[in-house]
Each structure stands twice: as structure tokens, then as C-alpha cells.
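target06.json (JSON, C-alpha atoms) appears below.
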[["chain", "number", "residue", "atom", "x", "y", "z"],
["M", 1, "MET", "CA", -27.65, -43.72, 61.31],
["M", 2, "ASP", "CA", -30.03, -42.91, 58.56],
["M", 3, "GLN", "CA", -29.28, -39.26, 59.06],
["M", 4, "GLY", "CA", -25.54, -39.92, 58.86],
["M", 5, "VAL", "CA", -25.91, -41.90, 55.64],
["M", 6, "SER", "CA", -28.22, -39.24, 54.25],
["M", 7, "ALA", "CA", -25.71, -36.56, 55.17],
["M", 8, "LEU", "CA", -22.90, -38.57, 53.61],
["M", 9, "ILE", "CA", -24.90, -39.18, 50.42],
["M", 10, "GLY", "CA", -25.88, -35.50, 50.37],
["M", 11, "ALA", "CA", -22.24, -34.49, 50.76],
["M", 12, "ILE", "CA", -21.19, -36.86, 47.96],
["M", 13, "ILE", "CA", -23.93, -35.59, 45.66],
["M", 14, "GLY", "CA", -23.07, -31.97, 46.53],
["M", 15, "ALA", "CA", -19.39, -32.58, 45.88],
["M", 16, "ALA", "CA", -20.17, -34.34, 42.60],
["M", 17, "GLY", "CA", -22.44, -31.45, 41.56],
["M", 18, "ALA", "CA", -19.79, -28.89, 42.47],
["M", 19, "THR", "CA", -17.15, -30.88, 40.58],
["M", 20, "ALA", "CA", -19.43, -31.20, 37.55],
["M", 21, "ALA", "CA", -20.18, -27.48, 37.65],
["M", 22, "ALA", "CA", -16.46, -26.71, 37.90],
["M", 23, "LEU", "CA", -15.69, -29.04, 34.98],
["M", 24, "ILE", "CA", -18.40, -27.43, 32.86],
["M", 25, "THR", "CA", -17.08, -23.98, 33.76],
["M", 26, "VAL", "CA", -13.52, -25.00, 32.88],
["M", 27, "ARG", "CA", -14.65, -26.52, 29.60],
["M", 28, "LEU", "CA", -16.67, -23.44, 28.65],
["M", 29, "SER", "CA", -13.74, -21.20, 29.59],
["M", 30, "ALA", "CA", -11.39, -23.31, 27.49],
["M", 31, "ARG", "CA", -13.74, -23.12, 24.50],
["M", 32, "SER", "CA", -14.04, -19.38, 24.93],
["M", 33, "ALA", "CA", -10.25, -19.01, 25.18],
["M", 34, "LEU", "CA", -9.77, -21.20, 22.10],
["M", 35, "ALA", "CA", -12.30, -19.16, 20.12],
["M", 36, "GLN", "CA", -10.58, -15.96, 21.21],
["M", 37, "LEU", "CA", -7.17, -17.35, 20.16],
["M", 38, "GLN", "CA", -8.54, -18.39, 16.79],
["M", 39, "GLN", "CA", -10.01, -14.93, 16.29],
["M", 40, "GLN", "CA", -6.69, -13.30, 17.24],
["M", 41, "ARG", "CA", -4.84, -15.64, 14.86],
["M", 42, "ALA", "CA", -7.21, -14.74, 12.03],
["M", 43, "GLN", "CA", -6.72, -11.03, 12.76],
["M", 44, "PHE", "CA", -2.94, -11.52, 12.86],
["M", 45, "GLU", "CA", -2.96, -13.36, 9.52],
["M", 46, "HIS", "CA", -5.19, -10.71, 7.97],
["M", 47, "GLN", "CA", -2.90, -7.94, 9.24],
["M", 48, "GLY", "CA", 0.13, -9.85, 7.95],
["M", 49, "ARG", "CA", -1.43, -10.17, 4.50],
["M", 50, "ALA", "CA", -2.39, -6.50, 4.50],
["M", 51, "ASP", "CA", 1.15, -5.50, 5.51],
["M", 52, "HIS", "CA", 2.61, -7.74, 2.81],
["M", 53, "VAL", "CA", 0.32, -6.22, 0.18],
["M", 54, "ARG", "CA", 1.27, -2.70, 1.29],
["M", 55, "VAL", "CA", 5.01, -3.41, 1.25],
["M", 56, "ARG", "CA", 4.75, -5.17, -2.11],
["M", 57, "ARG", "CA", 2.67, -2.37, -3.61],
["M", 58, "ASP", "CA", 5.13, 0.27, -2.35],
["M", 59, "ALA", "CA", 8.09, -1.62, -3.82],
["M", 60, "ARG", "CA", 6.33, -2.01, -7.15],
["M", 61, "ARG", "CA", 5.20, 1.61, -7.18],
["M", 62, "SER", "CA", 8.82, 2.70, -6.62],
["M", 63, "ALA", "CA", 10.09, 0.44, -9.41],
["M", 64, "TYR", "CA", 7.42, 1.66, -11.82],
["M", 65, "ALA", "CA", 8.11, 5.31, -10.94],
["M", 66, "ALA", "CA", 11.86, 4.85, -11.46],
["M", 67, "PHE", "CA", 11.16, 3.30, -14.86],
["M", 68, "ALA", "CA", 8.88, 6.22, -15.80],
["M", 69, "GLU", "CA", 11.59, 8.70, -14.75],
["M", 70, "CYS", "CA", 14.08, 6.88, -16.99],
["M", 71, "PHE", "CA", 11.57, 7.00, -19.83],
["M", 72, "TYR", "CA", 11.08, 10.76, -19.52],
["M", 73, "ALA", "CA", 14.83, 11.38, -19.22],
["M", 74, "PHE", "CA", 15.33, 9.33, -22.37],
["M", 75, "THR", "CA", 12.59, 11.21, -24.24],
["M", 76, "GLU", "CA", 14.36, 14.48, -23.46],
["M", 77, "ILE", "CA", 17.51, 13.06, -25.06],
["M", 78, "VAL", "CA", 15.39, 11.86, -27.99],
["M", 79, "LYS", "CA", 14.09, 15.38, -28.45],
["M", 80, "ARG", "CA", 17.56, 16.96, -28.28],
["M", 81, "THR", "CA", 18.99, 14.35, -30.65],
["M", 82, "HIS", "CA", 16.21, 14.96, -33.14],
["M", 83, "GLU", "CA", 16.69, 18.73, -32.94],
["M", 84, "THR", "CA", 20.45, 18.34, -33.39],
["M", 85, "ALA", "CA", 20.02, 16.03, -36.38],
["M", 86, "GLU", "CA", 17.50, 18.42, -37.97],
["M", 87, "THR", "CA", 20.14, 21.18, -37.94],
["M", 88, "GLY", "CA", 22.39, 18.92, -39.99],
["M", 89, "ASP", "CA", 24.85, 18.26, -37.17],
["M", 90, "ALA", "CA", 25.31, 14.53, -37.73],
["M", 91, "ARG", "CA", 28.34, 14.39, -35.44],
["M", 92, "GLY", "CA", 26.46, 16.10, -32.61],
["M", 93, "ALA", "CA", 23.51, 13.72, -33.03],
["M", 94, "LEU", "CA", 25.88, 10.77, -33.09],
["M", 95, "ALA", "CA", 27.57, 11.99, -29.91],
["M", 96, "LEU", "CA", 24.19, 12.30, -28.18],
["M", 97, "ILE", "CA", 23.24, 8.79, -29.29],
["M", 98, "GLN", "CA", 26.56, 7.22, -28.33],
["M", 99, "ASN", "CA", 26.89, 8.98, -24.99],
["M", 100, "GLU", "CA", 23.70, 10.26, -23.43],
["M", 101, "ALA", "CA", 21.17, 8.06, -25.22],
["M", 102, "SER", "CA", 23.23, 4.92, -24.62],
["M", 103, "ALA", "CA", 23.61, 5.76, -20.92],
["M", 104, "ALA", "CA", 19.89, 6.56, -20.61],
["M", 105, "HIS", "CA", 19.03, 3.31, -22.39],
["M", 106, "ALA", "CA", 21.22, 1.39, -19.94],
["M", 107, "GLN", "CA", 19.43, 3.07, -17.00],
["M", 108, "LEU", "CA", 16.08, 2.20, -18.55],
["M", 109, "LEU", "CA", 17.16, -1.44, -18.88],
["M", 110, "ARG", "CA", 18.32, -1.50, -15.24],
["M", 111, "ALA", "CA", 14.96, -0.09, -14.18],
["M", 112, "CYS", "CA", 13.31, -2.77, -16.32],
["M", 113, "SER", "CA", 15.30, -5.47, -14.53],
["M", 114, "VAL", "CA", 13.98, -4.21, -11.18],
["M", 115, "ILE", "CA", 10.47, -4.42, -12.58],
["M", 116, "SER", "CA", 11.14, -8.00, -13.65],
["M", 117, "ILE", "CA", 11.99, -8.77, -10.02],
["M", 118, "GLU", "CA", 8.97, -6.95, -8.59],
["M", 119, "GLY", "CA", 6.59, -8.19, -11.28],
["M", 120, "PRO", "CA", 4.05, -9.15, -12.26],
["M", 121, "ASP", "CA", 5.01, -10.68, -15.60],
["M", 122, "TYR", "CA", 2.61, -8.64, -17.69],
["M", 123, "VAL", "CA", 4.16, -5.39, -16.40],
["M", 124, "THR", "CA", 7.65, -6.75, -17.08],
["M", 125, "THR", "CA", 6.60, -7.55, -20.65],
["M", 126, "ALA", "CA", 5.23, -4.02, -21.11],
["M", 127, "ALA", "CA", 8.43, -2.48, -19.72],
["M", 128, "GLU", "CA", 10.57, -4.65, -22.00],
["M", 129, "ALA", "CA", 8.49, -3.48, -24.97],
["M", 130, "VAL", "CA", 9.38, 0.12, -24.08],
["M", 131, "GLY", "CA", 13.07, -0.84, -23.86],
["M", 132, "ASP", "CA", 12.84, -2.55, -27.24],
["M", 133, "ARG", "CA", 11.27, 0.56, -28.77],
["M", 134, "PHE", "CA", 14.11, 2.69, -27.46],
["M", 135, "HIS", "CA", 16.63, 0.30, -28.97],
["M", 136, "ILE", "CA", 14.82, 0.56, -32.30],
["M", 137, "TRP", "CA", 14.86, 4.36, -31.97],
["M", 138, "MET", "CA", 18.62, 4.39, -31.38],
["M", 139, "GLU", "CA", 19.24, 2.20, -34.43],
["M", 140, "MET", "CA", 16.95, 4.35, -36.53],
["M", 141, "ARG", "CA", 18.61, 7.58, -35.37],
["M", 142, "LEU", "CA", 22.00, 6.23, -36.38],
["M", 143, "ARG", "CA", 20.61, 5.66, -39.86],
["M", 144, "ILE", "CA", 19.02, 9.11, -40.09],
["M", 145, "ALA", "CA", 22.25, 10.72, -38.90],
["M", 146, "GLY", "CA", 23.91, 9.06, -41.87],
["M", 147, "ILE", "CA", 26.06, 6.82, -39.74],
["M", 148, "THR", "CA", 24.95, 3.67, -41.52],
["M", 149, "ARG", "CA", 24.47, 3.11, -45.24],
["M", 150, "GLN", "CA", 20.72, 2.57, -44.89],
["M", 151, "SER", "CA", 18.63, 5.68, -44.72],
["M", 152, "LEU", "CA", 15.22, 6.19, -43.23],
["M", 153, "GLY", "CA", 12.77, 8.94, -43.88],
["M", 154, "PHE", "CA", 11.12, 11.25, -41.41],
["M", 155, "SER", "CA", 7.90, 9.21, -41.58],
["M", 156, "ASP", "CA", 9.85, 6.19, -40.33],
["M", 157, "TYR", "CA", 11.11, 8.29, -37.44],
["M", 158, "ALA", "CA", 7.60, 9.50, -36.59],
["M", 159, "SER", "CA", 6.28, 5.95, -36.72],
["M", 160, "ILE", "CA", 9.00, 4.70, -34.37],
["M", 161, "GLU", "CA", 8.44, 7.58, -31.96],
["M", 162, "SER", "CA", 4.70, 6.94, -32.00],
["M", 163, "GLY", "CA", 5.35, 3.27, -31.22],
["M", 164, "LEU", "CA", 7.58, 4.33, -28.35],
["M", 165, "HIS", "CA", 4.85, 6.43, -26.75],
["M", 166, "THR", "CA", 2.25, 3.72, -27.42],
["M", 167, "ALA", "CA", 4.48, 1.16, -25.66],
["M", 168, "PHE", "CA", 4.92, 3.49, -22.69],
["M", 169, "ARG", "CA", 1.16, 4.10, -22.48],
["M", 170, "ALA", "CA", 0.66, 0.31, -22.40],
["M", 171, "PHE", "CA", 3.25, 0.10, -19.62],
["M", 172, "THR", "CA", 1.46, 2.74, -17.52],
["M", 173, "GLU", "CA", -1.88, 1.00, -17.99],
["M", 174, "THR", "CA", -0.51, -2.40, -16.99],
["M", 175, "SER", "CA", 1.43, -1.01, -14.03],
["M", 176, "ASN", "CA", -1.69, 0.77, -12.76],
["M", 177, "ARG", "CA", -3.67, -2.45, -13.14],
["M", 178, "ALA", "CA", -0.98, -4.37, -11.22],
["M", 179, "LEU", "CA", -1.11, -1.88, -8.36],
["M", 180, "ASP", "CA", -4.91, -2.06, -8.26],
["M", 181, "ASP", "CA", -4.98, -5.88, -8.46],
["M", 182, "GLU", "CA", -2.71, -6.29, -5.43],
["M", 183, "GLY", "CA", -5.50, -5.36, -3.08],
["M", 184, "THR", "CA", -7.31, -8.62, -3.82],
["M", 185, "TRP", "CA", -5.74, -11.57, -2.08],
["M", 186, "PRO", "CA", -6.83, -15.10, -2.73],
["M", 187, "ALA", "CA", -8.63, -16.63, 0.21],
["M", 188, "PRO", "CA", -6.37, -18.85, 2.34]]
For the file at hand, write its structure as C-alpha cells.
Amino acid sequence: MDQGVSALIGAIIGAAGATAAALITVRLSARSALAQLQQQRAQFEHQGRADHVRVRRDARRSAYAAFAECFYAFTEIVKRTHETAETGDARGALALIQNEASAAHAQLLRACSVISIEGPDYVTTAAEAVGDRFHIWMEMRLRIAGITRQSLGFSDYASIESGLHTAFRAFTETSNRALDDEGTWPAP
């Protein structure tokens, strides 16, 4: 009988040890699986942030490039208007201002509105400053062409044109900074 009890106790202890070993194995496996899931989640979130940054940067880059194209198209009209006015053709200069320059200004403002959507605010402010400079240029050109009673001298024109290019340079600097800054995400 002692051998039977010993065998029974041995079987119970063996079963308890096997059960404990199985429970420890399950618990370690669960911890390992949980750690693996957390690592996958972190990788997924990191990839999601990187994808978001890339998409956002591409959208901003497109908006900034469209604005720059509008700027250069407008400066070509500025050049032609100035050349036409210098020949004494006030009507031709007026036609360029009323038709082509006004249409180019409207395109520039539309491009600026896209920038205000894409942001950031400091780039929007810089783009609006360029738009304001073009508006000033159009008003000034009307005066030089003799359309209004006020007259401006060539030095006024040069100053306004210089301000226009300075404003655009500020826009390019801020837009480049915005594209560079997007690579740094705040920690979650």
C-alpha cells in the first residue's frame, strides 16, 4: 500500500509539475506574442506617420511649385508690360494689365489659396505677401501708363519690382523650410 500511495503521490506531483511547466510555457509564449504585437504596432504607426509626412510633403511641394510657376508667368507679363509702356504705348500696356496681368494675378491668388490649405501659416503669409506685391505693381503700372491722375517715377517702379522679388525670395525660403521641417514629427 505504501508503494501505491507513493505512486499516486508521484503521479500527482508529476502532473502538477507538468501543468506548472505548461502554464509557464503558455505565459511566456503570451508575453512573447504580446511583445511582438506591440513591436508590430509601433512599426505600423511609424510607417503610417512616415507615409503621412511623405503625402503631405508631396502635396505642399506641388502647391509651392504651382505658385512659383504663376509667379514666373506673371513676371513675364510684368516684363512685357514694362517694355510696352516704355515705348509709349499706354493703351497696349493698359490692355496687358487689364487682360493678361489681371488673369495671371487671379491664378496667383488661386495658387495662394491652395497654399493656405496646405500650410503652414508662415508659408501662406509669405505667399500672400507676393500676391500683395503684385497688386501694388498693377496699381503702380496703371499710374505709370497714365491711366490715373497720379504719376509715379521710374524709381518707384524699380522699388516696387525689387519688393516683388524680395517677397518671392522670402516665399521660397519659407517654403523650403516648411518642406525640411516636415521630416521631424513630434513624439507620440
Neighbour list for Asp121 (chain M) as a ChimeraX atom specification, cut-off 10 Å, only C-alpha atoms, skip fewer than 6 positions in-chain: /M:115,127,178
Separation of CA of Glu69 (chain M) from CA of Tyr122 (chain M) in Å: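 Atom-to-atom, CA of Tyr122 (chain M) and CA of Glu69 (chain M) are spaced 19.7 Å apart.
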Residue contacts of region 55-65 of chain M (7 Å, all atoms listed in the file) excluding same-chain residues fewer than 4 positions away, as a list in words: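 The residues satisfying every condition are Asp51, Glu69, Ala111, Val114, Ile115, Glu118, Ser175, Leu179 and Glu182 of chain M.
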With C-alpha atoms retained, write the just-selected residues as a PDB file, in the coordinates of the input.
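Now in again.pdb:
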ATOM      1  CA  ASP M  51       1.150  -5.500   5.510  1.00  0.00           C
ATOM      2  CA  GLU M  69      11.590   8.700 -14.750  1.00  0.00           C
ATOM      3  CA  ALA M 111      14.960  -0.090 -14.180  1.00  0.00           C
ATOM      4  CA  VAL M 114      13.980  -4.210 -11.180  1.00  0.00           C
ATOM      5  CA  ILE M 115      10.470  -4.420 -12.580  1.00  0.00           C
ATOM      6  CA  GLU M 118       8.970  -6.950  -8.590  1.00  0.00           C
ATOM      7  CA  SER M 175       1.430  -1.010 -14.030  1.00  0.00           C
ATOM      8  CA  LEU M 179      -1.110  -1.880  -8.360  1.00  0.00           C
ATOM      9  CA  GLU M 182      -2.710  -6.290  -5.430  1.00  0.00           C
TER      10      GLU M 182
END
Which residue of M:Ala93, M:Ala170, M:Met138, M:Ala73 approaches Gln107 (chain M) most closely, using only C-alpha atoms: M:Ala73
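For Gly163 (chain M), the non-local neighbours within 10 Å, defined as residues at least 5 positions apart in the same chain or in other chains and counting all atoms listed in the file, are Ala129, Val130, Arg133, Phe134, Ile136, Trp137, Tyr157, Ala158, Phe168 and Arg169 of chain M.
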With C-alpha atoms retained, could you export that selection as a short mmCIF file (atom, residue, chain, number, x, y, z; two decimals), in the frame of the given file?
data_model
loop_
_atom_site.label_atom_id
_atom_site.label_comp_id
_atom_site.auth_asym_id
_atom_site.auth_seq_id
_atom_site.Cartn_x
_atom_site.Cartn_y
_atom_site.Cartn_z
CA ALA M 129 8.49 -3.48 -24.97
CA VAL M 130 9.38 0.12 -24.08
CA ARG M 133 11.27 0.56 -28.77
CA PHE M 134 14.11 2.69 -27.46
CA ILE M 136 14.82 0.56 -32.30
CA TRP M 137 14.86 4.36 -31.97
CA TYR M 157 11.11 8.29 -37.44
CA ALA M 158 7.60 9.50 -36.59
CA PHE M 168 4.92 3.49 -22.69
CA ARG M 169 1.16 4.10 -22.48
#
Length of the CA of Thr84 (chain M) to CA of Gly131 (chain M) vector [Å]: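 Taking CA of Thr84 (chain M) and CA of Gly131 (chain M), their separation equals 22.7 Å.
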Length of the CA of Cys70 (chain M) to CA of Leu108 (chain M) vector [Å]: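 Going from CA of Cys70 (chain M) over to CA of Leu108 (chain M) covers 5.3 Å.
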Is it possible to get the residues within 10 Å of (12.7, 11.5, -25.9) (coordinates as in the file, counting all atoms listed in the file) written as a PDB file with C-alpha atoms, in the frame of the given file?
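This is the output file out_26.pdb:
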ATOM      1  CA  PHE M  71      11.570   7.000 -19.830  1.00  0.00           C
ATOM      2  CA  TYR M  72      11.080  10.760 -19.520  1.00  0.00           C
ATOM      3  CA  ALA M  73      14.830  11.380 -19.220  1.00  0.00           C
ATOM      4  CA  PHE M  74      15.330   9.330 -22.370  1.00  0.00           C
ATOM      5  CA  THR M  75      12.590  11.210 -24.240  1.00  0.00           C
ATOM      6  CA  GLU M  76      14.360  14.480 -23.460  1.00  0.00           C
ATOM      7  CA  ILE M  77      17.510  13.060 -25.060  1.00  0.00           C
ATOM      8  CA  VAL M  78      15.390  11.860 -27.990  1.00  0.00           C
ATOM      9  CA  LYS M  79      14.090  15.380 -28.450  1.00  0.00           C
ATOM     10  CA  ARG M  80      17.560  16.960 -28.280  1.00  0.00           C
ATOM     11  CA  THR M  81      18.990  14.350 -30.650  1.00  0.00           C
ATOM     12  CA  HIS M  82      16.210  14.960 -33.140  1.00  0.00           C
ATOM     13  CA  ALA M 101      21.170   8.060 -25.220  1.00  0.00           C
ATOM     14  CA  PHE M 134      14.110   2.690 -27.460  1.00  0.00           C
ATOM     15  CA  TRP M 137      14.860   4.360 -31.970  1.00  0.00           C
ATOM     16  CA  GLU M 161       8.440   7.580 -31.960  1.00  0.00           C
ATOM     17  CA  LEU M 164       7.580   4.330 -28.350  1.00  0.00           C
ATOM     18  CA  HIS M 165       4.850   6.430 -26.750  1.00  0.00           C
TER      19      HIS M 165
END
Minimum-distance residue to Leu109 (chain M), chosen among M:Arg54, M:Ala33, M:Asp2, M:Ala68 (using only C-alpha atoms):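 The closest residue to Leu109 (chain M) is M:Ala68.
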Distance criterion (all atoms listed in the file): nearest to Leu94 (chain M) out of M:Ala35, M:Ala11, M:Leu142, M:Ile160: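 Checking each candidate against Leu94 (chain M), we get M:Leu142 as the closest.
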Shortest interatomic distance to Ala126 (chain M) - which of M:Ala66, M:Cys112, M:Ala104, M:Val53, counting all atoms listed in the file: M:Cys112
